[in-house]
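Trainee: Below is the file coords32.txt, with compact mmCIF, C-alpha atoms.
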# COMPACT_ATOMS: atom_id res chain seq x y z
CA MET A 23 11.31 6.18 27.86
CA ALA A 24 11.82 3.74 25.00
CA ALA A 25 9.03 1.38 23.89
CA LEU A 26 8.99 -1.84 25.96
CA HIS A 27 9.44 -5.20 24.22
CA LEU A 28 6.74 -7.41 25.68
CA ASN A 29 6.31 -11.13 26.18
CA GLU A 30 2.88 -12.54 27.03
CA GLU A 31 3.27 -12.11 30.78
CA GLY A 32 4.62 -8.58 30.46
CA PHE A 33 1.84 -7.68 28.06
CA PHE A 34 -1.00 -8.68 30.42
CA LYS A 35 0.66 -7.04 33.40
CA LEU A 36 1.00 -3.81 31.46
CA VAL A 37 -2.42 -3.57 29.79
CA GLU A 38 -4.23 -4.17 33.08
CA SER A 39 -2.55 -1.13 34.62
CA GLU A 40 -4.32 2.20 35.12
CA LYS A 41 -2.31 3.99 32.48
CA PRO A 42 -3.37 3.60 28.80
CA VAL A 43 -1.08 1.32 26.79
CA LEU A 44 -0.24 1.62 23.10
CA VAL A 45 0.99 -1.68 21.63
CA ASP A 46 2.70 -2.10 18.26
CA PHE A 47 2.35 -5.63 16.81
CA TRP A 48 5.28 -6.18 14.43
CA ALA A 49 7.70 -8.73 12.97
CA ASP A 50 11.30 -8.79 11.74
CA TRP A 51 10.29 -9.71 8.17
CA CYS A 52 7.88 -6.78 7.84
CA GLY A 53 9.37 -3.75 6.04
CA PRO A 54 6.57 -1.33 6.97
CA CYS A 55 6.99 -2.35 10.63
CA LYS A 56 10.63 -1.29 10.49
CA MET A 57 9.60 2.05 8.99
CA LEU A 58 7.09 2.53 11.76
CA ALA A 59 9.56 1.73 14.56
CA PRO A 60 10.98 5.29 14.90
CA VAL A 61 7.44 6.72 14.97
CA ILE A 62 6.57 4.36 17.82
CA GLU A 63 9.70 5.45 19.69
CA GLU A 64 8.79 9.11 19.19
CA LEU A 65 5.32 8.43 20.59
CA ALA A 66 6.88 6.67 23.59
CA ALA A 67 8.96 9.78 24.29
CA GLN A 68 6.14 12.24 23.61
CA TYR A 69 3.63 10.50 25.91
CA GLU A 70 6.08 9.54 28.66
CA GLY A 71 4.26 9.46 31.98
CA LYS A 72 0.82 9.48 30.32
CA VAL A 73 0.78 6.42 28.05
CA THR A 74 3.00 3.34 28.14
CA VAL A 75 4.18 2.19 24.72
CA GLY A 76 4.99 -1.47 24.08
CA LYS A 77 5.95 -3.73 21.18
CA VAL A 78 4.87 -7.32 20.55
CA ASN A 79 6.77 -9.44 18.05
CA VAL A 80 4.05 -11.61 16.47
CA ASP A 81 6.51 -14.40 15.70
CA GLU A 82 7.68 -14.62 19.31
CA VAL A 83 4.22 -14.20 20.85
CA PRO A 84 1.79 -15.53 18.21
CA ASP A 85 -0.97 -16.23 20.75
CA LEU A 86 -1.37 -12.52 21.46
CA ALA A 87 -1.71 -11.75 17.76
CA VAL A 88 -4.41 -14.42 17.44
CA ARG A 89 -6.20 -13.29 20.61
CA TYR A 90 -6.46 -9.70 19.40
CA GLY A 91 -7.21 -10.58 15.78
CA VAL A 92 -4.00 -9.05 14.44
CA MET A 93 -4.15 -10.10 10.81
CA SER A 94 -2.02 -7.50 9.14
CA ILE A 95 1.06 -5.80 10.45
CA PRO A 96 1.92 -3.29 11.63
CA THR A 97 -1.19 -3.10 13.81
CA VAL A 98 -1.15 -0.64 16.70
CA ILE A 99 -3.78 -1.13 19.42
CA LEU A 100 -4.63 1.27 22.24
CA PHE A 101 -5.72 -0.38 25.48
CA VAL A 102 -7.35 1.41 28.40
CA LYS A 103 -7.71 -0.61 31.63
CA GLY A 104 -7.26 -3.87 29.78
CA ASN A 105 -9.76 -3.14 27.03
CA GLU A 106 -9.03 -2.37 23.41
CA VAL A 107 -10.45 1.08 22.66
CA ASP A 108 -9.03 1.71 19.19
CA ARG A 109 -6.58 0.41 16.61
CA LEU A 110 -4.79 1.50 13.46
CA VAL A 111 -3.59 -0.93 10.82
CA GLY A 112 -0.74 -0.24 8.40
CA LEU A 113 2.02 2.27 7.98
CA MET A 114 0.77 5.73 8.93
CA ASP A 115 2.15 9.06 9.95
CA LYS A 116 2.63 10.06 13.56
CA GLU A 117 -0.30 12.47 13.50
CA ARG A 118 -2.81 9.63 13.00
CA PHE A 119 -1.48 7.82 16.08
CA ARG A 120 -1.41 11.05 18.08
CA LEU A 121 -5.07 11.74 17.24
CA MET A 122 -6.03 8.21 18.29
CA VAL A 123 -4.19 8.45 21.60
CA ASP A 124 -5.40 11.99 22.36
CA ALA A 125 -9.03 10.91 21.84
CA HIS A 126 -8.73 8.42 24.71
CA ILE A 127 -6.53 10.03 27.37
CA MET B 1 18.51 5.50 0.35
CA VAL B 2 16.20 8.48 -0.06
CA TYR B 3 15.38 9.14 -3.73
CA ASP B 4 14.59 12.61 -5.03
CA CYS B 5 11.37 11.20 -6.44
CA LEU B 6 9.34 8.00 -6.28
CA ILE B 7 7.29 7.49 -9.44
CA LEU B 8 4.33 5.18 -9.10
CA GLY B 9 3.19 3.64 -12.36
CA GLY B 10 5.05 2.18 -15.33
CA GLY B 11 2.80 3.34 -18.17
CA PRO B 12 3.48 6.23 -20.59
CA ALA B 13 3.07 8.94 -17.92
CA GLY B 14 5.35 7.27 -15.37
CA LEU B 15 8.00 6.35 -17.95
CA SER B 16 7.96 9.87 -19.37
CA ALA B 17 8.33 11.34 -15.86
CA ALA B 18 11.19 8.94 -15.12
CA VAL B 19 13.08 9.78 -18.33
CA GLN B 20 12.65 13.50 -17.66
CA CYS B 21 13.72 13.17 -14.01
CA GLY B 22 16.91 11.56 -15.32
CA ALA B 23 17.43 14.40 -17.79
CA LEU B 24 17.00 16.91 -14.97
CA GLY B 25 19.56 15.14 -12.79
CA LEU B 26 17.05 13.80 -10.27
CA ARG B 27 17.51 10.37 -8.66
CA ALA B 28 14.17 8.73 -9.35
CA LEU B 29 12.80 5.26 -8.74
CA LEU B 30 9.95 3.98 -10.88
CA ILE B 31 7.65 1.47 -9.20
CA GLY B 32 5.33 -0.39 -11.54
CA ASN B 33 3.43 -3.59 -12.17
CA PRO B 34 4.90 -6.24 -14.47
CA SER B 35 4.78 -4.69 -17.95
CA GLY B 36 2.37 -7.39 -19.17
CA GLN B 37 -0.29 -5.84 -16.94
CA ASN B 38 -0.14 -2.42 -18.58
CA PRO B 39 -3.43 -1.71 -20.37
CA LEU B 40 -1.57 0.01 -23.22
CA GLY B 41 -0.07 -3.38 -24.10
CA ARG B 42 -3.57 -4.61 -24.96
CA ALA B 43 -4.37 -1.79 -27.40
CA GLU B 44 -4.68 -3.24 -30.90
CA ARG B 45 -3.64 -0.14 -32.81
CA VAL B 46 -2.75 3.38 -31.77
CA GLU B 47 -3.52 5.82 -34.54
CA ASN B 48 -3.14 9.20 -32.88
CA TYR B 49 0.31 9.26 -31.29
CA LEU B 50 2.18 11.95 -33.17
CA GLY B 51 4.71 10.65 -35.67
CA LEU B 52 4.14 6.98 -34.93
CA PRO B 53 0.70 6.08 -36.29
CA GLY B 54 -0.38 2.48 -36.66
CA LEU B 55 1.78 0.84 -34.02
CA THR B 56 0.18 -1.62 -31.64
CA GLY B 57 -0.03 -0.60 -27.97
CA GLY B 58 2.53 -3.31 -27.19
CA GLU B 59 5.01 -1.93 -29.73
CA LEU B 60 4.62 1.58 -28.39
CA LEU B 61 5.01 0.43 -24.80
CA ASP B 62 8.14 -1.55 -25.75
CA ALA B 63 9.58 1.59 -27.35
CA PHE B 64 8.83 3.68 -24.23
CA GLN B 65 10.38 1.04 -21.97
CA ARG B 66 13.47 0.70 -24.17
CA HIS B 67 13.92 4.46 -24.09
CA ALA B 68 13.66 4.50 -20.29
CA ALA B 69 16.08 1.56 -19.96
CA GLU B 70 18.61 3.27 -22.27
CA ARG B 71 18.45 6.35 -20.04
CA GLY B 72 19.21 4.23 -16.99
CA VAL B 73 15.83 4.60 -15.31
CA GLN B 74 15.85 2.59 -12.10
CA THR B 75 12.75 0.43 -11.73
CA VAL B 76 11.17 -1.88 -9.19
CA THR B 77 8.38 -4.27 -10.12
CA GLY B 78 5.63 -4.59 -7.55
CA ARG B 79 2.39 -3.24 -6.20
CA ALA B 80 2.43 -0.27 -3.85
CA ILE B 81 0.10 -1.10 -1.01
CA ALA B 82 0.65 1.72 1.47
CA ALA B 83 2.19 5.17 1.63
CA MET B 84 3.17 7.45 4.46
CA ALA B 85 4.58 10.93 4.81
CA TYR B 86 6.78 11.52 7.79
CA GLY B 87 8.55 14.80 8.11
CA ASP B 88 9.83 15.71 4.66
CA ILE B 89 10.08 12.12 3.45
CA PHE B 90 7.54 9.86 1.77
CA ALA B 91 7.66 6.11 2.27
CA LEU B 92 5.98 3.72 -0.15
CA THR B 93 5.43 0.10 0.81
CA VAL B 94 5.83 -2.28 -2.12
CA GLY B 95 5.20 -5.85 -1.03
CA SER B 96 7.29 -6.18 2.09
CA GLU B 97 9.84 -3.54 1.00
CA VAL B 98 9.74 0.17 1.77
CA TYR B 99 11.17 2.87 -0.52
CA GLN B 100 11.76 6.47 0.51
CA GLY B 101 11.67 9.66 -1.51
CA GLU B 102 11.51 13.41 -1.06
CA SER B 103 8.64 13.65 -3.56
CA VAL B 104 6.14 11.40 -5.30
CA ILE B 105 4.72 11.34 -8.81
CA LEU B 106 1.51 9.34 -9.13
CA ALA B 107 1.06 7.90 -12.60
CA THR B 108 -1.20 5.06 -11.63
CA GLY B 109 -3.63 5.16 -14.51
CA VAL B 110 -7.32 4.69 -13.95
CA ALA B 111 -8.14 2.55 -10.94
CA ARG B 112 -10.15 -0.41 -12.12
CA GLY B 113 -12.34 -2.60 -9.99
CA ARG B 114 -14.77 -1.66 -7.31
CA VAL B 115 -14.56 -1.95 -3.56
CA PHE B 116 -16.37 -5.04 -2.26
CA PRO B 117 -18.99 -4.79 0.49
CA GLY B 118 -17.22 -5.34 3.83
CA GLU B 119 -13.75 -4.63 2.41
CA ALA B 120 -13.05 -1.26 4.03
CA ARG B 121 -14.63 -2.23 7.35
CA LEU B 122 -12.58 -5.42 7.67
CA LEU B 123 -9.28 -4.14 6.28
CA GLY B 124 -6.57 -5.35 8.64
CA ARG B 125 -9.12 -7.61 10.32
CA GLY B 126 -8.82 -10.38 7.80
CA VAL B 127 -8.77 -8.33 4.60
CA SER B 128 -5.29 -7.91 3.15
CA TYR B 129 -3.86 -6.61 -0.11
CA CYS B 130 -0.50 -8.35 0.18
CA ALA B 131 0.19 -12.07 0.54
CA VAL B 132 3.92 -11.59 1.08
CA CYS B 133 3.32 -9.06 3.90
CA ASP B 134 0.56 -10.77 5.88
CA GLY B 135 0.64 -14.42 4.77
CA MET B 136 2.69 -15.53 7.79
CA LEU B 137 -0.17 -14.50 10.09
CA TYR B 138 -2.48 -17.01 8.40
CA ARG B 139 -0.38 -20.17 8.58
CA GLY B 140 -2.67 -23.18 9.00
CA ARG B 141 -5.80 -21.13 8.40
CA GLU B 142 -8.41 -20.96 5.67
CA VAL B 143 -7.92 -18.07 3.30
CA VAL B 144 -9.55 -16.90 0.09
CA VAL B 145 -7.50 -15.32 -2.67
CA VAL B 146 -9.49 -13.03 -4.92
CA GLY B 147 -7.47 -13.05 -8.13
CA LEU B 148 -7.86 -9.71 -9.89
CA ALA B 149 -4.20 -9.31 -10.93
CA GLN B 150 -2.08 -11.39 -13.27
CA ASP B 151 0.31 -12.52 -10.53
CA ALA B 152 -2.50 -13.64 -8.20
CA ALA B 153 -1.96 -17.37 -8.89
CA GLU B 154 1.68 -16.95 -7.88
CA GLU B 155 0.69 -15.27 -4.61
CA ALA B 156 -1.90 -18.02 -3.97
CA ALA B 157 0.91 -20.59 -4.38
CA PHE B 158 3.03 -18.60 -1.93
CA LEU B 159 0.23 -18.71 0.66
CA ALA B 160 -0.31 -22.44 0.10
CA GLY B 161 3.44 -22.93 0.59
CA LEU B 162 3.19 -21.22 3.99
CA GLY B 163 0.57 -23.76 5.02
CA CYS B 164 -2.57 -21.71 4.39
CA GLN B 165 -5.64 -23.56 3.11
CA VAL B 166 -6.26 -21.52 0.00
CA THR B 167 -9.40 -21.20 -2.12
CA PHE B 168 -8.96 -19.15 -5.28
CA LEU B 169 -11.84 -17.00 -6.55
CA ALA B 170 -11.84 -15.25 -9.90
CA PRO B 171 -14.12 -14.72 -12.88
CA GLU B 172 -11.90 -17.20 -14.80
CA ARG B 173 -9.40 -19.83 -13.70
CA PRO B 174 -5.86 -18.59 -14.44
CA ALA B 175 -3.76 -20.99 -16.50
CA ASP B 176 -0.89 -20.87 -13.99
CA LEU B 177 -3.01 -21.71 -10.91
CA SER B 178 -1.66 -24.79 -9.15
CA PRO B 179 -4.02 -27.80 -9.57
CA ALA B 180 -3.65 -28.35 -5.82
CA ILE B 181 -5.47 -25.05 -5.09
CA PRO B 182 -9.27 -25.25 -5.29
CA TYR B 183 -10.79 -22.73 -7.72
CA LYS B 184 -14.30 -21.30 -7.68
CA LYS B 185 -15.78 -19.02 -10.27
CA ALA B 186 -17.06 -15.86 -8.62
CA GLN B 187 -17.84 -12.33 -9.70
CA ARG B 188 -20.14 -10.88 -7.06
CA LEU B 189 -18.35 -10.92 -3.73
CA GLU B 190 -19.11 -9.77 -0.23
CA ILE B 191 -16.77 -10.00 2.72
CA LEU B 192 -18.56 -11.18 5.81
CA GLY B 193 -17.83 -10.91 9.52
CA GLU B 194 -18.54 -8.68 12.51
CA ASP B 195 -15.15 -7.61 13.88
CA ARG B 196 -13.08 -10.01 11.78
CA VAL B 197 -13.53 -11.93 8.55
CA THR B 198 -15.49 -15.15 8.86
CA ALA B 199 -16.49 -15.88 5.25
CA VAL B 200 -16.69 -14.62 1.71
CA GLY B 201 -20.15 -14.55 0.18
CA THR B 202 -20.38 -15.37 -3.53
CA GLU B 203 -23.21 -16.07 -5.98
CA GLY B 204 -22.51 -19.77 -5.35
CA GLY B 205 -22.76 -19.55 -1.54
CA GLN B 206 -20.50 -18.69 1.41
CA ILE B 207 -16.90 -19.80 1.77
CA PRO B 208 -15.78 -19.82 5.41
CA CYS B 209 -12.33 -18.28 5.94
CA GLN B 210 -10.26 -16.21 8.33
CA GLY B 211 -8.48 -14.16 5.69
CA VAL B 212 -9.21 -12.65 2.29
CA PHE B 213 -6.39 -11.53 0.03
CA LEU B 214 -7.69 -9.05 -2.53
CA LEU B 215 -5.05 -8.98 -5.22
CA ARG B 216 -5.79 -6.15 -7.61
CA GLU B 217 -3.47 -4.66 -10.16
CA ALA B 218 -3.24 -1.44 -8.15
CA VAL B 219 -4.43 0.17 -4.95
CA ALA B 220 -6.26 3.40 -5.82
CA PRO B 221 -4.09 6.50 -5.12
CA ALA B 222 -6.70 8.04 -2.83
CA ALA B 223 -6.53 4.88 -0.70
CA LEU B 224 -2.72 5.08 -0.66
CA PHE B 225 -2.66 8.74 0.34
CA PRO B 226 -5.68 9.55 2.49
CA GLY B 227 -6.51 13.23 2.05
CA LEU B 228 -5.77 13.43 -1.68
CA ALA B 229 -8.45 15.65 -3.19
CA LEU B 230 -10.49 14.23 -6.06
CA GLU B 231 -12.52 15.89 -8.77
CA GLY B 232 -15.00 13.89 -10.79
CA GLY B 233 -13.37 10.67 -9.61
CA TYR B 234 -9.88 11.71 -10.75
CA LEU B 235 -7.01 13.26 -8.79
CA ARG B 236 -7.31 17.03 -8.57
CA VAL B 237 -4.17 18.76 -9.86
CA ASP B 238 -3.19 22.32 -10.67
CA ARG B 239 -1.37 23.50 -13.80
CA ASP B 240 1.92 22.27 -12.31
CA LEU B 241 0.29 18.86 -11.73
CA ALA B 242 0.55 19.33 -7.98
CA THR B 243 -2.06 17.38 -6.02
CA SER B 244 -3.62 18.64 -2.79
CA LEU B 245 -0.70 17.13 -0.82
CA PRO B 246 2.58 19.09 -0.89
CA GLY B 247 5.30 17.11 -2.64
CA VAL B 248 2.87 14.75 -4.35
CA TYR B 249 2.33 15.27 -8.08
CA ALA B 250 0.17 13.32 -10.54
CA CYS B 251 0.12 12.77 -14.28
CA GLY B 252 -1.55 10.69 -16.95
CA ASP B 253 -4.95 9.02 -16.84
CA CYS B 254 -5.25 9.36 -13.06
CA THR B 255 -5.66 13.14 -13.45
CA GLY B 256 -8.61 12.75 -15.82
CA PRO B 257 -9.54 12.87 -19.49
CA PRO B 258 -8.55 12.83 -22.24
CA LEU B 259 -7.20 9.35 -21.42
CA GLN B 260 -4.67 9.52 -24.22
CA ILE B 261 -1.01 8.54 -24.53
CA ALA B 262 0.14 11.95 -25.79
CA LYS B 263 -1.48 13.70 -22.82
CA ALA B 264 0.06 11.18 -20.40
CA VAL B 265 3.55 11.59 -21.85
CA GLY B 266 3.27 15.38 -21.78
CA GLU B 267 2.03 15.45 -18.20
CA GLY B 268 4.76 13.03 -17.12
CA GLN B 269 7.37 15.41 -18.44
CA ARG B 270 5.74 18.41 -16.82
CA ALA B 271 5.39 16.62 -13.46
CA ALA B 272 9.14 15.92 -13.47
CA HIS B 273 9.87 19.63 -14.00
CA SER B 274 7.45 20.55 -11.21
CA VAL B 275 9.15 18.10 -8.87
CA LYS B 276 12.55 19.61 -9.67
CA ASN B 277 11.23 23.10 -8.88
CA TRP B 278 9.55 21.92 -5.71
CA LEU B 279 12.68 20.17 -4.45
CA GLU B 280 14.72 23.30 -5.09
CA ARG B 281 12.23 25.44 -3.17
CA GLN B 282 12.23 22.97 -0.28
CA ARG B 283 16.01 22.77 -0.13
CA ASN B 284 16.44 26.56 -0.39
CA SER B 285 13.96 27.12 2.42
CA LYS B 286 16.11 24.98 4.71
CA LYS B 287 19.30 26.93 4.03
Before anything else, please render the file you have as structure tokens.

Mentor:
Amino acid sequence: MAALHLNEEGFFKLVESEKPVLVDFWADWCGPCKMLAPVIEELAAQYEGKVTVGKVNVDEVPDLAVRYGVMSIPTVILFVKGNEVDRLVGLMDKERFRLMVDAHI
Amino acid sequence: MVYDCLILGGGPAGLSAAVQCGALGLRALLIGNPSGQNPLGRAERVENYLGLPGLTGGELLDAFQRHAAERGVQTVTGRAIAAMAYGDIFALTVGSEVYQGESVILATGVARGRVFPGEARLLGRGVSYCAVCDGMLYRGREVVVVGLAQDAAEEAAFLAGLGCQVTFLAPERPADLSPAIPYKKAQRLEILGEDRVTAVGTEGGQIPCQGVFLLREAVAPAALFPGLALEGGYLRVDRDLATSLPGVYACGDCTGPPLQIAKAVGEGQRAAHSVKNWLERQRNSKK
């Protein structure tokens, strides 16, 4: 399944669910975010059924970025039952994200 | 476009690598700071570069740059702030742009400047190395710019233009800093906050803020490529100038002493040859 593009309502509905949720905070003007996009899609496919992967555009949903202290993008946060359990900031390879997710599922 | 090689650093080692890559038929991109920031440009006299004794560092650097330009070396001016390897490709983030290459040559010189207390812990939680990349997230907020690079005043003006409330900290006030941006002299800094930045501590007291932009002339290579092995504070390389990461080579001062121009130029040339050999091996193994 492809990564889900989330608005505020969709975000809260998703992160409160039982399944862990990986959320990529990004923006159109951010080059590294664009580079990361295919990695995020690969993670969505790899963890299908185990982890839901979503994307939040910080320009469209700035309140979420403020709420979670996203101050540099890309920032990828892993939520388990509504709580942030880990995050990675910046452009990184897929292995780093895989290790973060595997440590919490 | 995916280049054969991304060369990071516009000093003698990087320029030499770029010229040699061109001679070997490799498509290379050289990424470097504005040439005014190159430490060689500040050398009063260079007496030991073979055949050209007595030139100033600036004259020598001009000659190297002219040579590279005549050979059609493609260059981008900017600071690399992040790097990533995915599959067989490396991506280097320069400001808000990303460049891709099949190999990397690090010619970054000696990293100057220390890490401030709180910097690593709060990176991405208020600490940023790039105003152009993250400035939009701080609109309307208080930010501190720590000016350790020559273009820092320009980046401070960019942040102020976005609507950030900027305070500029540096050991000396830069001549090009806008009079509308408050300046404070500071040398000893500490970044404060639990899970996000709340203030910068200086010898003159705390400055409350939500963001700190640390604008250095370069991000240290080991911070760009986590996992790069070091030896005595320099990048560990073998005789082919290969680092501990496949496809990443290094040359010049960043590989260790002697920190001399002749050594940098020689290593730059050798690194280009090593890259050519490595690319051939990689491509043959896929056939």

Trainee: Work out how far atom CA of A:Ala49 is from atom CA of B:Met136, in Å to one decimal.

Mentor: 9.9 Å

Trainee: I'd like a table as JSON lines: residues in chain B with an atom no more than 8 Å from chain A, each row giving the shortest atom pair and its distance in Å to one decimal, only C-alpha atoms counted, sorted by chain and rising residue number.

Mentor:
{"residue": "B:Ala82", "atom": "CA", "partner": "A:Leu113", "partner_atom": "CA", "distance": 6.7}
{"residue": "B:Ala83", "atom": "CA", "partner": "A:Leu113", "partner_atom": "CA", "distance": 7.0}
{"residue": "B:Met84", "atom": "CA", "partner": "A:Met114", "partner_atom": "CA", "distance": 5.4}
{"residue": "B:Ala85", "atom": "CA", "partner": "A:Asp115", "partner_atom": "CA", "distance": 6.0}
{"residue": "B:Tyr86", "atom": "CA", "partner": "A:Asp115", "partner_atom": "CA", "distance": 5.7}
{"residue": "B:Thr93", "atom": "CA", "partner": "A:Pro54", "partner_atom": "CA", "distance": 6.4}
{"residue": "B:Ser96", "atom": "CA", "partner": "A:Gly53", "partner_atom": "CA", "distance": 5.1}
{"residue": "B:Glu97", "atom": "CA", "partner": "A:Gly53", "partner_atom": "CA", "distance": 5.1}
{"residue": "B:Val98", "atom": "CA", "partner": "A:Gly53", "partner_atom": "CA", "distance": 5.8}
{"residue": "B:Leu123", "atom": "CA", "partner": "A:Val111", "partner_atom": "CA", "distance": 8.0}
{"residue": "B:Gly124", "atom": "CA", "partner": "A:Ser94", "partner_atom": "CA", "distance": 5.1}
{"residue": "B:Arg125", "atom": "CA", "partner": "A:Met93", "partner_atom": "CA", "distance": 5.6}
{"residue": "B:Gly126", "atom": "CA", "partner": "A:Met93", "partner_atom": "CA", "distance": 5.6}
{"residue": "B:Val127", "atom": "CA", "partner": "A:Met93", "partner_atom": "CA", "distance": 7.9}
{"residue": "B:Ser128", "atom": "CA", "partner": "A:Ser94", "partner_atom": "CA", "distance": 6.8}
{"residue": "B:Cys133", "atom": "CA", "partner": "A:Cys52", "partner_atom": "CA", "distance": 6.4}
{"residue": "B:Asp134", "atom": "CA", "partner": "A:Ser94", "partner_atom": "CA", "distance": 5.3}
{"residue": "B:Leu137", "atom": "CA", "partner": "A:Met93", "partner_atom": "CA", "distance": 6.0}
{"residue": "B:Tyr138", "atom": "CA", "partner": "A:Met93", "partner_atom": "CA", "distance": 7.5}
{"residue": "B:Arg196", "atom": "CA", "partner": "A:Gly91", "partner_atom": "CA", "distance": 7.1}
{"residue": "B:Gly211", "atom": "CA", "partner": "A:Met93", "partner_atom": "CA", "distance": 7.8}

Trainee: One decimal, Å: what's the distance from atom CA of B:Glu267 over to atom CA of B:Ile89, could you say?

Mentor: 23.3 Å

Trainee: Residues at most 7 Å from stretch 34-44 of chain B, counting only C-alpha atoms, excluding those fewer than 4 positions away in the same chain, as a list in words?

Mentor: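 Here the answer would be Gly11, Thr56, Gly57, Gly58, Leu61, Thr77 and Gln150 of chain B.
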
Trainee: Quick check, in Å to one decimal: how far apart do atom CA of B:Cys251 and atom CA of B:Gly9 lie?

Mentor: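 Answer for the atom CA of B:Cys251 to atom CA of B:Gly9 separation: 9.8 Å.
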
Trainee: Can you pull out every residue within 10 Å of B:Arg239, counting all atoms listed in the file, but drop anything in the same chain fewer than 5 positions away, and send it as a list in words?

Mentor: Glu267, Arg270, Ala271 and Ser274 of chain B

Trainee: In the coordinate frame of the file, compute which residues have an atom within 9 Å of (9.3, -7.5, 20.8) when using only C-alpha atoms, and state them as a PDB file with C-alpha atoms, in the frame of the given file.

Mentor:
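The result, stored in result_34.pdb:
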ATOM      1  CA  LEU A  26       8.990  -1.840  25.960  1.00  0.00           C
ATOM      2  CA  HIS A  27       9.440  -5.200  24.220  1.00  0.00           C
ATOM      3  CA  LEU A  28       6.740  -7.410  25.680  1.00  0.00           C
ATOM      4  CA  ASN A  29       6.310 -11.130  26.180  1.00  0.00           C
ATOM      5  CA  ASP A  46       2.700  -2.100  18.260  1.00  0.00           C
ATOM      6  CA  PHE A  47       2.350  -5.630  16.810  1.00  0.00           C
ATOM      7  CA  TRP A  48       5.280  -6.180  14.430  1.00  0.00           C
ATOM      8  CA  ALA A  49       7.700  -8.730  12.970  1.00  0.00           C
ATOM      9  CA  GLY A  76       4.990  -1.470  24.080  1.00  0.00           C
ATOM     10  CA  LYS A  77       5.950  -3.730  21.180  1.00  0.00           C
ATOM     11  CA  VAL A  78       4.870  -7.320  20.550  1.00  0.00           C
ATOM     12  CA  ASN A  79       6.770  -9.440  18.050  1.00  0.00           C
ATOM     13  CA  VAL A  80       4.050 -11.610  16.470  1.00  0.00           C
ATOM     14  CA  GLU A  82       7.680 -14.620  19.310  1.00  0.00           C
ATOM     15  CA  VAL A  83       4.220 -14.200  20.850  1.00  0.00           C
TER      16      VAL A  83
END

Trainee: Around stretch 4-9 of chain B, fit a box with edges along x, y and z, padding it by 6 Å on each side, then list its centre and edge lengths in Å to one decimal as AutoDock Vina command-line options.

Mentor:
--center_x 8.9 --center_y 8.1 --center_z -8.7 --size_x 23.4 --size_y 21.0 --size_z 19.3

Trainee: Which one is closest to A:Ala59: A:Val123, A:Ala24, A:Leu100, A:Val73? Count all atoms listed in the file.

Mentor: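 Between A:Val123, A:Ala24, A:Leu100, A:Val73, the residue approaching A:Ala59 most closely is A:Ala24.
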
Trainee: For each of A:Lys35, A:His126, A:Arg89, A:Arg118, take the minimum atom-to-atom distance to A:Lys72, counting all atoms listed in the file, then give the residue where this is smallest.

Mentor: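 So, comparing all the options, the nearest one is A:His126.
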
Trainee: Identify which of the residues B:Gly163, B:Pro221, B:Pro182, B:Gly87 lies closest to B:Pro246, counting all atoms listed in the file when measuring atom-to-atom distances.

Mentor: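 For B:Pro246, the nearest of the given residues is B:Gly87.
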
Trainee: Using only C-alpha atoms, determine which residues lie at most 10 Å from A:Tyr69, disregarding the query and same-chain residues fewer than 5 positions distant; provide the list as a list in words.

Mentor: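 Within the cut-off, the hits are Met23, Glu64, Thr74, Val75, Arg120, Val123 and Asp124 of chain A.
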
Trainee: Can you complete the atoms of stretch 38-44 of chain A to N, CA, C and O atoms and list them as a PDB file, keeping the file's coordinate frame?

Mentor:
ATOM      1  N   GLU A  38      -3.271  -4.244  31.968  1.00  0.00           N
ATOM      2  CA  GLU A  38      -4.230  -4.170  33.080  1.00  0.00           C
ATOM      3  C   GLU A  38      -3.980  -2.962  33.967  1.00  0.00           C
ATOM      4  O   GLU A  38      -4.777  -2.668  34.859  1.00  0.00           O
ATOM      5  N   SER A  39      -2.887  -2.254  33.738  1.00  0.00           N
ATOM      6  CA  SER A  39      -2.550  -1.130  34.620  1.00  0.00           C
ATOM      7  C   SER A  39      -3.490   0.056  34.354  1.00  0.00           C
ATOM      8  O   SER A  39      -4.237   0.075  33.382  1.00  0.00           O
ATOM      9  N   GLU A  40      -3.435   1.036  35.205  1.00  0.00           N
ATOM     10  CA  GLU A  40      -4.320   2.200  35.120  1.00  0.00           C
ATOM     11  C   GLU A  40      -4.013   3.061  33.890  1.00  0.00           C
ATOM     12  O   GLU A  40      -4.900   3.647  33.285  1.00  0.00           O
ATOM     13  N   LYS A  41      -2.734   3.106  33.571  1.00  0.00           N
ATOM     14  CA  LYS A  41      -2.310   3.990  32.480  1.00  0.00           C
ATOM     15  C   LYS A  41      -2.646   3.364  31.114  1.00  0.00           C
ATOM     16  O   LYS A  41      -2.484   2.156  30.944  1.00  0.00           O
ATOM     17  N   PRO A  42      -3.139   4.158  30.146  1.00  0.00           N
ATOM     18  CA  PRO A  42      -3.370   3.600  28.800  1.00  0.00           C
ATOM     19  C   PRO A  42      -2.078   3.018  28.216  1.00  0.00           C
ATOM     20  O   PRO A  42      -0.982   3.478  28.531  1.00  0.00           O
ATOM     21  N   VAL A  43      -2.242   1.999  27.377  1.00  0.00           N
ATOM     22  CA  VAL A  43      -1.080   1.320  26.790  1.00  0.00           C
ATOM     23  C   VAL A  43      -1.256   1.241  25.266  1.00  0.00           C
ATOM     24  O   VAL A  43      -2.299   0.809  24.773  1.00  0.00           O
ATOM     25  N   LEU A  44      -0.238   1.687  24.566  1.00  0.00           N
ATOM     26  CA  LEU A  44      -0.240   1.620  23.100  1.00  0.00           C
ATOM     27  C   LEU A  44       0.697   0.476  22.705  1.00  0.00           C
ATOM     28  O   LEU A  44       1.866   0.479  23.088  1.00  0.00           O
TER      29      LEU A  44
END
